[in-house]
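S.K.: Below you will find the structure I want to go over with you.
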Amino acid sequence: MAEIGEVPNWTLTFRGVRVGGIPYLVQEVKGLIDLPEVRTNDVELIQRDGLWAGDDYLGSRSITMAIRCVGTSDEDLSNKVSVLKRGFAFSRTEEPLYFAIPGVADGAPSRITGRVRKFESVADREYGRYNAAFDIQFECTDPYIYPLSEFGVRRHIYRGKDFHEGGAACPLHFTSQGLWIPNDGFSNGTETAMCHNGSKINAAVTCVIDGPLSRPVFKNLSTGAFLSVPNLHISERQRLHIEPNQARTDWIISLRQDDTTSVVPESAWGPGSTYFELPPGFTELTIQSVNEDIVEYETHASVSWVPGPYV
């Protein structure tokens with residue numbers, strides 16, 4: 001089955017039926033942020049206190065959604081409820097549930113595979129006011145959540161964001177020490193993008209730097225690994241794209257302006273430049289300039305990555 005083409009934030013989609021916003025308001029979702037129940041292989045010791053510690057394994061994941069279906073008339077409510085019932089009907093096979101919820105899988109559009117096990121409602125006073133409540137339950141034998149590869153997670157290094165988004169206040173200055181902010185009594189020092197890969201495997205990372213910026217450096221502060229292009233100037237209308245190759249063994253660097261793309265050859269990279277990915281956990285990234293002079297420009301970079309399965 002082809003992956004869904006769009007997953008807006010705060011929505012869930014199953015069999016083409018999207019809930020989140022009018023007319024299907026999501027009131028509550030349980031089971032997506034939770035850690036699935038863990039079953040243990042610890043066994044008792046014979047004639048001794050304690051246990052032999054075995055390996056723990058995750059059980060299945062149960063997801064429950066509380067939804068309000070809002071209608072405007074008897075006929076309108078009937079049509080909308082019919083669409084909801086067909087979309088979340090009983091099935092003998094597991095199918096993908098697509099969703100995007102901040103805090104789940106680093107906020108990336110994701111999917112989990114399961115079956116509908118409960119579709120429940122009550123014809124009460126609110127139902128008669130065209131405000132029908134439904135409880136829908138999914139059972140997922142695979143507890144892992146998988147971000148969609150074409151979307152990924154994004155963090156920004158630019159003006160007007162708090163630290164968790166890797167932001168900084170204006171004015172911005174690039175020096176040999178990195179992105180520097182004048183001491184105005186509120187913030188100073190090098191501002192970074194703090195990226196969290198909550199999955200179980202390394203994640204490929206992509207960086208897009210908007211000009212103007214001279215002699216850019218994309219640096220992993222957590223490990224010291226970096227990629228630099230010491231003789232390149234990115235003008236105000238240009239963007240530098242840094243992305244992994246298909247085998248995820250090296251970078252592909254290109255300078256883009258309007259519909260024009262030019263590849264930056266490896267011979268133009270700075271000494272010591274190396275490929276890196278984001279391991280599970282936190283990684284601190286920054287954009288620097290190898291130019292010793294202060295660059296009096298505002299710029300920003302966006303960093304995105306596609307992680308592996310989440311628990």
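By order in the structure tokens, chains are A, B, ...; within a chain, residues start at 1; ligands start at 1, following the order shown.
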So which bits of range 24-216 of chain A end up strand (DSSP E) when you DSSP the backbone, as a ChimeraX atom specification?
M.R.: /A:24-30,38-40,43-44,51-52,56-58,61-70,95-100,110-121,131-140,146-147,153-157,173-175,178-181,189-190,193-197,204-210,213-214,216
S.K.: Residues within 8 Å of Lys30 in chain A, please, as a list in words. Count only C-alpha atoms; anything in the same chain fewer than 5 positions from it doesn't count.
M.R.: Ile63, Thr64 and Met65 of chain A
S.K.: Set out as JSON lines a contact list for range 207-240 of chain A and range 254-278 of chain A with a cut-off of 6 Å, giving each residue of range 207-240 of chain A that qualifies its closest atom pair and distance in Å to one decimal, counting only C-alpha atoms, ordered by chain and rising residue number.
M.R.:
{"residue": "A:Phe226", "atom": "CA", "partner": "A:Ser273", "partner_atom": "CA", "distance": 5.5}
{"residue": "A:Leu227", "atom": "CA", "partner": "A:Ser273", "partner_atom": "CA", "distance": 4.4}
{"residue": "A:Ser228", "atom": "CA", "partner": "A:Gly270", "partner_atom": "CA", "distance": 5.0}
{"residue": "A:Val229", "atom": "CA", "partner": "A:Trp269", "partner_atom": "CA", "distance": 4.7}
{"residue": "A:Pro230", "atom": "CA", "partner": "A:Gly270", "partner_atom": "CA", "distance": 5.7}
{"residue": "A:Gln238", "atom": "CA", "partner": "A:Gln257", "partner_atom": "CA", "distance": 4.8}
{"residue": "A:Arg239", "atom": "CA", "partner": "A:Arg256", "partner_atom": "CA", "distance": 5.2}
{"residue": "A:Leu240", "atom": "CA", "partner": "A:Leu255", "partner_atom": "CA", "distance": 4.7}
S.K.: According to DSSP computed on the backbone, where in range 89-275 of chain A is there helix (DSSP H, G or I)? Give the residues as a list in words.
M.R.: Ala105, Asp106, Gly107, Arg125, Glu126, Tyr127, Gly128, Phe163, His164, Glu165, Glu266, Ser267 and Ala268 of chain A
S.K.: Just the selected residues (C-alpha atoms), exported as a PDB file, in the first residue's frame, please.
M.R.:
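The file below, part-v3.pdb, is the result:
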ATOM      1  CA  ALA A 105       8.298  10.270  17.068  1.00  0.00           C
ATOM      2  CA  ASP A 106       9.907  13.714  17.454  1.00  0.00           C
ATOM      3  CA  GLY A 107       6.787  15.193  15.850  1.00  0.00           C
ATOM      4  CA  ARG A 125     -28.669  14.255  24.272  1.00  0.00           C
ATOM      5  CA  GLU A 126     -25.449  15.522  22.699  1.00  0.00           C
ATOM      6  CA  TYR A 127     -25.894  13.063  19.827  1.00  0.00           C
ATOM      7  CA  GLY A 128     -29.334  14.563  19.244  1.00  0.00           C
ATOM      8  CA  PHE A 163      16.476  27.085  22.538  1.00  0.00           C
ATOM      9  CA  HIS A 164      14.566  23.877  21.960  1.00  0.00           C
ATOM     10  CA  GLU A 165      14.023  24.912  18.335  1.00  0.00           C
ATOM     11  CA  GLU A 266      34.465  17.031  -2.948  1.00  0.00           C
ATOM     12  CA  SER A 267      37.686  18.751  -4.003  1.00  0.00           C
ATOM     13  CA  ALA A 268      36.166  22.034  -2.750  1.00  0.00           C
TER      14      ALA A 268
END
S.K.: Residues within 12 Å of Cys195 in chain A, please, as a CSV table (one decimal) with N, CA, C and O atoms, in the first residue's frame. Count only C-alpha atoms; anything in the same chain fewer than 3 positions from it doesn't count.
M.R.:
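Final file, selection.csv:
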chain,number,residue,atom,x,y,z
A,106,ASP,N,9.3,12.4,17.7
A,106,ASP,CA,9.9,13.7,17.5
A,106,ASP,C,9.0,14.6,16.6
A,106,ASP,O,9.5,15.6,16.0
A,107,GLY,N,7.7,14.4,16.6
A,107,GLY,CA,6.8,15.2,15.9
A,107,GLY,C,6.7,14.9,14.4
A,107,GLY,O,6.0,15.6,13.6
A,153,VAL,N,11.8,14.9,10.5
A,153,VAL,CA,11.7,15.8,11.5
A,153,VAL,C,12.6,17.0,11.2
A,153,VAL,O,13.6,16.9,10.5
A,154,ARG,N,12.1,18.2,11.6
A,154,ARG,CA,12.9,19.4,11.2
A,154,ARG,C,13.1,20.3,12.4
A,154,ARG,O,12.3,20.5,13.3
A,155,ARG,N,14.3,20.9,12.5
A,155,ARG,CA,14.7,21.9,13.5
A,155,ARG,C,15.3,23.1,12.7
A,155,ARG,O,15.9,22.9,11.7
A,156,HIS,N,15.2,24.3,13.3
A,156,HIS,CA,15.7,25.5,12.7
A,156,HIS,C,16.7,26.1,13.5
A,156,HIS,O,16.7,26.1,14.7
A,157,ILE,N,17.7,26.8,12.8
A,157,ILE,CA,18.7,27.6,13.5
A,157,ILE,C,18.4,29.0,12.9
A,157,ILE,O,18.9,29.3,11.8
A,163,PHE,N,15.3,28.0,22.7
A,163,PHE,CA,16.5,27.1,22.5
A,163,PHE,C,16.1,25.7,22.0
A,163,PHE,O,16.8,25.1,21.2
A,164,HIS,N,14.9,25.2,22.4
A,164,HIS,CA,14.6,23.9,22.0
A,164,HIS,C,14.4,23.8,20.4
A,164,HIS,O,14.5,22.7,19.9
A,165,GLU,N,14.1,24.9,19.8
A,165,GLU,CA,14.0,24.9,18.3
A,165,GLU,C,15.3,25.3,17.7
A,165,GLU,O,15.5,25.5,16.5
A,166,GLY,N,16.4,25.5,18.5
A,166,GLY,CA,17.7,25.9,18.0
A,166,GLY,C,17.7,27.3,17.6
A,166,GLY,O,18.5,27.7,16.7
A,192,THR,N,22.5,26.9,18.9
A,192,THR,CA,22.6,25.6,18.2
A,192,THR,C,21.2,25.1,18.0
A,192,THR,O,20.2,25.5,18.6
A,198,GLY,N,14.9,9.9,18.9
A,198,GLY,CA,14.3,9.0,19.9
A,198,GLY,C,14.2,7.6,19.4
A,198,GLY,O,13.6,6.8,20.1
A,203,ALA,N,20.2,8.1,12.3
A,203,ALA,CA,19.3,8.8,11.4
A,203,ALA,C,20.1,9.7,10.4
A,203,ALA,O,21.0,10.4,10.8
A,205,VAL,N,20.8,12.9,8.1
A,205,VAL,CA,20.4,14.3,8.4
A,205,VAL,C,20.6,15.1,7.1
A,205,VAL,O,21.6,14.8,6.3
A,220,ASN,N,28.8,19.2,13.8
A,220,ASN,CA,28.2,18.4,14.9
A,220,ASN,C,29.0,18.7,16.2
A,220,ASN,O,30.1,18.2,16.4
A,221,LEU,N,28.4,19.5,17.1
A,221,LEU,CA,29.1,19.9,18.3
A,221,LEU,C,29.3,18.7,19.3
A,221,LEU,O,30.2,18.7,20.1
A,222,SER,N,28.4,17.7,19.2
A,222,SER,CA,28.4,16.6,20.1
A,222,SER,C,29.6,15.7,19.8
A,222,SER,O,30.2,15.1,20.8
A,277,GLU,N,26.0,11.1,10.9
A,277,GLU,CA,24.6,11.0,11.1
A,277,GLU,C,24.2,11.3,12.5
A,277,GLU,O,25.1,11.5,13.4
A,278,LEU,N,22.9,11.3,12.8
A,278,LEU,CA,22.5,11.5,14.2
A,278,LEU,C,22.2,10.2,14.9
A,278,LEU,O,21.3,9.4,14.5
A,279,PRO,N,23.0,9.9,16.0
A,279,PRO,CA,22.8,8.6,16.7
A,279,PRO,C,21.5,8.8,17.6
A,279,PRO,O,21.0,9.9,17.8
A,280,PRO,N,21.0,7.7,18.1
A,280,PRO,CA,19.9,7.8,19.1
A,280,PRO,C,20.3,8.7,20.3
A,280,PRO,O,21.5,8.7,20.7
A,281,GLY,N,19.4,9.6,20.7
A,281,GLY,CA,19.7,10.5,21.7
A,281,GLY,C,19.8,11.9,21.2
A,281,GLY,O,19.3,12.2,20.1
A,282,PHE,N,20.4,12.8,22.0
A,282,PHE,CA,20.5,14.2,21.6
A,282,PHE,C,21.8,14.5,20.8
A,282,PHE,O,22.9,13.9,21.1
A,283,THR,N,21.7,15.3,19.8
A,283,THR,CA,22.9,15.8,19.0
A,283,THR,C,22.8,17.3,18.9
A,283,THR,O,21.7,17.8,18.5
A,284,GLU,N,23.9,18.0,19.1
A,284,GLU,CA,23.9,19.5,19.0
A,284,GLU,C,24.6,19.9,17.7
A,284,GLU,O,25.7,19.5,17.5
A,285,LEU,N,23.8,20.6,16.9
A,285,LEU,CA,24.3,21.0,15.6
A,285,LEU,C,24.4,22.5,15.5
A,285,LEU,O,23.6,23.2,16.1
A,286,THR,N,25.3,23.0,14.7
A,286,THR,CA,25.4,24.5,14.5
A,286,THR,C,25.9,24.8,13.1
A,286,THR,O,26.4,23.9,12.4
A,302,SER,N,17.8,25.2,8.2
A,302,SER,CA,16.9,24.2,8.7
A,302,SER,C,17.5,22.8,8.6
A,302,SER,O,18.2,22.5,7.6
A,303,VAL,N,17.4,22.0,9.6
A,303,VAL,CA,18.0,20.7,9.7
A,303,VAL,C,16.8,19.7,9.8
A,303,VAL,O,15.9,19.8,10.6
A,304,SER,N,16.8,18.7,9.0
A,304,SER,CA,15.8,17.7,9.0
A,304,SER,C,16.5,16.3,9.0
A,304,SER,O,17.6,16.2,8.5
A,305,TRP,N,15.8,15.3,9.6
A,305,TRP,CA,16.3,14.0,9.5
A,305,TRP,C,15.1,13.0,9.6
A,305,TRP,O,14.0,13.3,10.0
A,306,VAL,N,15.4,11.8,9.1
A,306,VAL,CA,14.4,10.7,9.2
A,306,VAL,C,14.9,9.6,10.1
A,306,VAL,O,15.9,8.9,9.8
A,307,PRO,N,14.3,9.5,11.3
A,307,PRO,CA,14.8,8.5,12.2
A,307,PRO,C,14.2,7.1,11.9
A,307,PRO,O,13.4,7.0,11.0
S.K.: Just checking: using only C-alpha atoms, which residue out of A:Phe88, A:Trp10, A:Tyr24, A:Tyr144 ends up closest to Ile112 in chain A?
M.R.: A:Tyr144
S.K.: Counting only C-alpha atoms, what is within 7 Å of Gly211 in chain A, bar same-chain residues fewer than 5 positions away, as a PyMOL selection string?
M.R.: chain A and resi 234-239+299
S.K.: Got time to write the residues from that selection, N, CA and C atoms, as a PDB file, in the first residue's frame?
M.R.:
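Output saved as out-v1.pdb:
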ATOM      1  N   ILE A 234      27.672  32.091  -0.131  1.00  0.00           N
ATOM      2  CA  ILE A 234      26.264  31.915  -0.447  1.00  0.00           C
ATOM      3  C   ILE A 234      25.628  33.298  -0.473  1.00  0.00           C
ATOM      4  N   SER A 235      25.111  33.680  -1.631  1.00  0.00           N
ATOM      5  CA  SER A 235      24.503  35.003  -1.743  1.00  0.00           C
ATOM      6  C   SER A 235      23.099  34.992  -1.135  1.00  0.00           C
ATOM      7  N   GLU A 236      22.479  36.156  -1.094  1.00  0.00           N
ATOM      8  CA  GLU A 236      21.187  36.302  -0.424  1.00  0.00           C
ATOM      9  C   GLU A 236      20.097  35.467  -1.078  1.00  0.00           C
ATOM     10  N   ARG A 237      20.191  35.207  -2.368  1.00  0.00           N
ATOM     11  CA  ARG A 237      19.154  34.469  -3.081  1.00  0.00           C
ATOM     12  C   ARG A 237      19.495  32.988  -3.232  1.00  0.00           C
ATOM     13  N   GLN A 238      20.585  32.556  -2.637  1.00  0.00           N
ATOM     14  CA  GLN A 238      21.031  31.181  -2.819  1.00  0.00           C
ATOM     15  C   GLN A 238      20.793  30.340  -1.573  1.00  0.00           C
ATOM     16  N   ARG A 239      20.764  29.022  -1.785  1.00  0.00           N
ATOM     17  CA  ARG A 239      20.651  28.058  -0.698  1.00  0.00           C
ATOM     18  C   ARG A 239      21.682  26.964  -0.905  1.00  0.00           C
ATOM     19  N   THR A 299      20.756  35.178   8.742  1.00  0.00           N
ATOM     20  CA  THR A 299      20.545  33.992   7.928  1.00  0.00           C
ATOM     21  C   THR A 299      19.940  32.906   8.804  1.00  0.00           C
TER      22      THR A 299
END
S.K.: Work out how far CA of Gly152 in chain A is from CA of Ala100 in chain A, in Å to one decimal.
M.R.: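 Distance reported for this atom pair: 10.8 Å.
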S.K.: Would you list the contacts of Gly31 in chain A as a list in words, taking every protein, DNA or RNA residue within 10 Å and counting only C-alpha atoms, but skipping same-chain residues closer than 5 positions in sequence?
M.R.: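 Skipping anything fewer than 5 positions along the chain leaves Pro36, Arg61, Ser62, Ile63, Thr64, Met65, Gln137, Phe138, Glu139 and Pro143 of chain A.
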S.K.: Return the single residue from A:Ser110, A:Asn197, A:Ser214, A:Ser91 that is closest to Leu12 in chain A, with distances computed using only C-alpha atoms.
M.R.: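 Comparing A:Ser110, A:Asn197, A:Ser214, A:Ser91 against Leu12 in chain A, the winner is A:Ser110.
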S.K.: Between CA of Ile67 in chain A and CA of Gly20 in chain A, what is the distance, to one decimal in Å?
M.R.: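 We find that CA of Ile67 in chain A and CA of Gly20 in chain A lie 8.5 Å from each other.
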S.K.: Take CA of Ile101 in chain A and CA of Ser82 in chain A and report the distance between them in Å, one decimal.
M.R.: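 Pair CA of Ile101 in chain A / CA of Ser82 in chain A returns 25.8 Å.
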S.K.: Near Leu58 in chain A, within 10 Å and counting only C-alpha atoms, which residues show up once chain neighbours fewer than 5 positions away are dropped, as a PDB file with N, CA, C and O atoms, in the first residue's frame?
M.R.:
ATOM      1  N   LEU A  35       4.622   3.890  26.736  1.00  0.00           N
ATOM      2  CA  LEU A  35       5.476   2.732  26.484  1.00  0.00           C
ATOM      3  C   LEU A  35       4.590   1.491  26.559  1.00  0.00           C
ATOM      4  O   LEU A  35       3.873   1.290  27.542  1.00  0.00           O
ATOM      5  N   PRO A  36       4.589   0.651  25.515  1.00  0.00           N
ATOM      6  CA  PRO A  36       3.781  -0.577  25.577  1.00  0.00           C
ATOM      7  C   PRO A  36       4.194  -1.444  26.764  1.00  0.00           C
ATOM      8  O   PRO A  36       5.325  -1.337  27.275  1.00  0.00           O
ATOM      9  N   GLU A  37       3.284  -2.297  27.188  1.00  0.00           N
ATOM     10  CA  GLU A  37       3.571  -3.173  28.329  1.00  0.00           C
ATOM     11  C   GLU A  37       4.790  -4.045  28.025  1.00  0.00           C
ATOM     12  O   GLU A  37       4.943  -4.571  26.921  1.00  0.00           O
ATOM     13  N   VAL A  38       5.661  -4.139  29.016  1.00  0.00           N
ATOM     14  CA  VAL A  38       6.892  -4.915  28.864  1.00  0.00           C
ATOM     15  C   VAL A  38       6.707  -6.272  29.526  1.00  0.00           C
ATOM     16  O   VAL A  38       6.267  -6.370  30.676  1.00  0.00           O
ATOM     17  N   ARG A  39       7.018  -7.326  28.791  1.00  0.00           N
ATOM     18  CA  ARG A  39       6.996  -8.664  29.385  1.00  0.00           C
ATOM     19  C   ARG A  39       8.449  -9.071  29.658  1.00  0.00           C
ATOM     20  O   ARG A  39       9.357  -8.781  28.891  1.00  0.00           O
ATOM     21  N   THR A  40       8.649  -9.741  30.775  1.00  0.00           N
ATOM     22  CA  THR A  40      10.001 -10.049  31.217  1.00  0.00           C
ATOM     23  C   THR A  40      10.280 -11.544  31.157  1.00  0.00           C
ATOM     24  O   THR A  40       9.382 -12.363  31.302  1.00  0.00           O
ATOM     25  N   THR A 141      -0.105  -5.313  16.875  1.00  0.00           N
ATOM     26  CA  THR A 141       0.812  -6.371  17.304  1.00  0.00           C
ATOM     27  C   THR A 141       2.259  -5.895  17.266  1.00  0.00           C
ATOM     28  O   THR A 141       3.077  -6.329  18.071  1.00  0.00           O
ATOM     29  N   ASP A 142       2.596  -5.006  16.327  1.00  0.00           N
ATOM     30  CA  ASP A 142       3.925  -4.387  16.286  1.00  0.00           C
ATOM     31  C   ASP A 142       3.842  -3.077  17.061  1.00  0.00           C
ATOM     32  O   ASP A 142       3.140  -2.142  16.642  1.00  0.00           O
ATOM     33  N   PRO A 143       4.532  -2.945  18.196  1.00  0.00           N
ATOM     34  CA  PRO A 143       4.380  -1.742  19.018  1.00  0.00           C
ATOM     35  C   PRO A 143       5.157  -0.545  18.502  1.00  0.00           C
ATOM     36  O   PRO A 143       4.990   0.561  19.016  1.00  0.00           O
ATOM     37  N   TYR A 144       6.009  -0.737  17.488  1.00  0.00           N
ATOM     38  CA  TYR A 144       6.880   0.348  17.043  1.00  0.00           C
ATOM     39  C   TYR A 144       6.153   1.338  16.140  1.00  0.00           C
ATOM     40  O   TYR A 144       5.259   0.980  15.363  1.00  0.00           O
ATOM     41  N   VAL A 311       9.665   3.756  20.010  1.00  0.00           N
ATOM     42  CA  VAL A 311       8.851   3.034  20.983  1.00  0.00           C
ATOM     43  C   VAL A 311       7.893   4.020  21.635  1.00  0.00           C
ATOM     44  O   VAL A 311       8.310   5.085  22.059  1.00  0.00           O
TER      45      VAL A 311
END
S.K.: Here is a test: counting only C-alpha atoms, which residue of A:Asn9, A:Ser78, A:Ser149, A:Ser121 is nearest to Gly103 in chain A?
M.R.: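 Answer, going by the shortest atom-to-atom distance: A:Asn9.
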